[in-house]
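Reading through the structure tokens given below for one structure.
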Amino acid sequence: MGDIAKDLTAGTVGGAAQLIVGHPFDTIKVKLQSQPTPLPGQLPKYSGAIDAVRQTVAAEGARGLFKGMGAPLATVAAFNAVLFTVRGQTEAFLRSEPGVPLSVNQQIVCGAVAGTAVSFLACPTELIKCRLQAQGALASIGSAAVAVKYAGPMDVARHVLRSEGGVTGLFKGLFPTLAREVPGNAAMFGMYEAIKQYIAGGTDTSGLGRGSLIVAGGLAGGSFWMSVYPTDVIKSVIQIDDYKNPKFSGFFDAFKKILASEGVKGLYKGFGPAMARSVPANAACFLAYEMTRSSLG
């Protein structure tokens, strides 16, 4: 099996592991991000992550935590296959000769290139996921953003294609998606390699065990969100914004308005669930990727 096929297969398995472990955390993150600023004297719908979990389970059952998983599940193969395959091909391009380990800086470049490629898959997928995850929270306060109730991922896609500018509507939020994926993946793959080399005591990391890979993958995932979280908040509010009566005119307008109304903490809504998700989900992803890649020879 060629390197591309190995990366495609291993990336798919890693992505599935990441999604199953991390999606409930992601649901809570988006609900916290999408709740509007309460009026003076009013309390927010969710007082925090634990309260969001409690209300979601009470209203929708445990399956409410997995709402919106259909879209990323349907595309997880393509997303992670592209991410790890582009990273693998960039590694091959940068490698001076076959088998030579890359430096941390080279892995940062590989991550940035892979992040650019996956942004074009991530944007429409995330738009569908965010719409589904956010509509419950928004409906409870009568927001115009949920004048249309979505029955599922395909219903979101049909509505956007019909009523929000066709195919271009599915790419609403592409700029913040790129601004998240490029530096985020650069940080993640760079950190993953740095931790592996630190544990191994050198550039040869082929002998690392599962525990080391779990630690490296988990910390690498955390570095993704540490580097780009405010961008993700802006992406989410833009993607769920009402098409006919938008609250935000673009990325920088959303940044200014969130900062003006909520301060810096507004750019970190949902940060706790994001970090809580990122460590186990990415640990599962990298471990599944490495084990599958190794088993394929």
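Quick note on naming: the chains in the structure tokens go A, B, ... in the order shown, residues restart at 1 in each chain, and ligands are numbered from 1 in order of appearance.
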
Q: Determine which residues of range 2-224 of chain A DSSP labels as alpha helix (DSSP H) from the backbone of this structure, then write them out as a VMD selection string.
A: chain A and resid 3 to 34 49 to 60 70 to 94 104 to 139 153 to 163 174 to 200 210 to 224

Could you make a table, as a tab-separated table, of the residues of range 223-262 of chain A that have an atom within 10 Å of an atom of range 158-171 of chain A, each with its nearest atom pair and distance in Å to one decimal, counting only C-alpha atoms, in chain and number order?
```
residue	atom	partner	partner_atom	distance
A:Gln239	CA	A:Phe171	CA	8.9
A:Asp242	CA	A:Glu164	CA	9.7
A:Tyr243	CA	A:Glu164	CA	6.5
A:Lys244	CA	A:Glu164	CA	8.4
```

(Q) What's around Gly221 in chain A at 7 Å? Count only C-alpha atoms, leave out sequence neighbours fewer than 5 positions away in its own chain, and write the answer as a list of chain:residue names. (A) A:Met188, A:Ser278, A:Val279, A:Asn282

With N, CA, C and O atoms retained, export the selected residues as a PDB file, in the first residue's frame.
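Once written, again28.pdb looks like this:
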```pdb
ATOM      1  N   MET A 188      -0.476  22.548  16.280  1.00  0.00           N
ATOM      2  CA  MET A 188      -0.753  21.192  16.734  1.00  0.00           C
ATOM      3  C   MET A 188       0.310  20.199  16.260  1.00  0.00           C
ATOM      4  O   MET A 188       0.853  19.427  17.058  1.00  0.00           O
ATOM      5  N   SER A 278     -10.576  18.762  23.607  1.00  0.00           N
ATOM      6  CA  SER A 278      -9.406  18.691  22.747  1.00  0.00           C
ATOM      7  C   SER A 278      -8.384  17.657  23.204  1.00  0.00           C
ATOM      8  O   SER A 278      -7.835  16.915  22.386  1.00  0.00           O
ATOM      9  N   VAL A 279      -8.141  17.598  24.505  1.00  0.00           N
ATOM     10  CA  VAL A 279      -7.094  16.696  24.993  1.00  0.00           C
ATOM     11  C   VAL A 279      -7.440  15.228  24.758  1.00  0.00           C
ATOM     12  O   VAL A 279      -6.685  14.519  24.086  1.00  0.00           O
ATOM     13  N   ASN A 282      -8.033  14.498  20.725  1.00  0.00           N
ATOM     14  CA  ASN A 282      -6.830  14.454  19.893  1.00  0.00           C
ATOM     15  C   ASN A 282      -5.873  13.353  20.325  1.00  0.00           C
ATOM     16  O   ASN A 282      -5.134  12.806  19.493  1.00  0.00           O
TER      17      ASN A 282
END
```

Q.
Just the number, please: distance in Å from CA of Ala122 in chain A to CA of Gly211 in chain A, one decimal.
A. 29.5 Å

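Closest approach to Ser295 in chain A among A:Ala10, A:Ala77, A:Ala281, A:Ala151 is made by A:Ala10 (distances from only C-alpha atoms).
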
Q | Selection: 9 Å around Ile4 in chain A, only C-alpha atoms, excl. self and same-chain fewer than 6 positions, as an MDAnalysis selection string | A | chainID A and resid 85:86 88:89

Export all heavy atoms of the chosen residues as a tab-separated table (two decimals), in the first residue's frame?
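Output file again-v5.tsv follows:
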```tsv
chain	number	residue	atom	x	y	z
A	85	THR	N	-3.08	13.27	4.77
A	85	THR	CA	-2.43	12.99	3.49
A	85	THR	C	-1.65	14.20	3.00
A	85	THR	O	-0.50	14.08	2.55
A	85	THR	CB	-3.47	12.57	2.44
A	85	THR	OG1	-4.16	11.41	2.89
A	85	THR	CG2	-2.80	12.25	1.10
A	86	VAL	N	-2.24	15.38	3.11
A	86	VAL	CA	-1.51	16.60	2.71
A	86	VAL	C	-0.31	16.80	3.61
A	86	VAL	O	0.79	17.15	3.15
A	86	VAL	CB	-2.44	17.83	2.74
A	86	VAL	CG1	-1.64	19.12	2.51
A	86	VAL	CG2	-3.52	17.70	1.68
A	88	GLY	N	1.34	14.40	5.08
A	88	GLY	CA	2.32	13.38	4.69
A	88	GLY	C	3.05	13.73	3.41
A	88	GLY	O	4.26	13.52	3.31
A	89	GLN	N	2.32	14.28	2.43
A	89	GLN	CA	2.96	14.65	1.17
A	89	GLN	C	3.87	15.87	1.34
A	89	GLN	O	4.91	15.97	0.68
A	89	GLN	CB	1.88	14.93	0.11
A	89	GLN	CG	1.12	13.70	-0.33
A	89	GLN	CD	2.05	12.62	-0.87
A	89	GLN	OE1	2.72	12.82	-1.89
A	89	GLN	NE2	2.11	11.48	-0.19
```

(Q) As an exercise, work out the distance from CA of Gly41 in chain A to CA of Arg54 in chain A in Å and give it to one decimal place. (A)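 Going from CA of Gly41 in chain A over to CA of Arg54 in chain A, I get 23.1 Å.
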
**Q.** Which residue of A:Ala112, A:Ala134, A:Ile195, A:Val156 approaches Glu181 in chain A most closely, using only C-alpha atoms
**A.**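 Result for the nearest residue to Glu181 in chain A: A:Ala112.
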
**Q.** Of the listed residues A:Thr37, A:Gly222, A:Asp204, A:Leu259, that which approaches Gly184 in chain A most closely, counting only C-alpha atoms
**A.**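 Answer, going by the shortest atom-to-atom distance: A:Gly222.
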
Q | Residue nearest Gly190 in chain A among A:Ile128, A:Val104, A:Ala274, A:Ala114 (counting only C-alpha atoms) | A | A:Val104

Q: Could you please determine the separation between CA of Gln107 in chain A and CA of Gly272 in chain A in Å, to one decimal place?
A: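 Those two atoms sit 27.2 Å apart.
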
Q. Which is closest to Gly115 in chain A among A:Ala284, A:Ala179, A:Leu296, A:Val237, if we use only C-alpha atoms?
A. A:Ala179

**Q.** Among the residues A:Gln18, A:Asp3, A:Asp232, A:Phe271, the one that comes closest to Thr90 in chain A [using only C-alpha atoms]
**A.**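 When distances to Thr90 in chain A are compared using only C-alpha atoms, the smallest one comes from A:Asp3.
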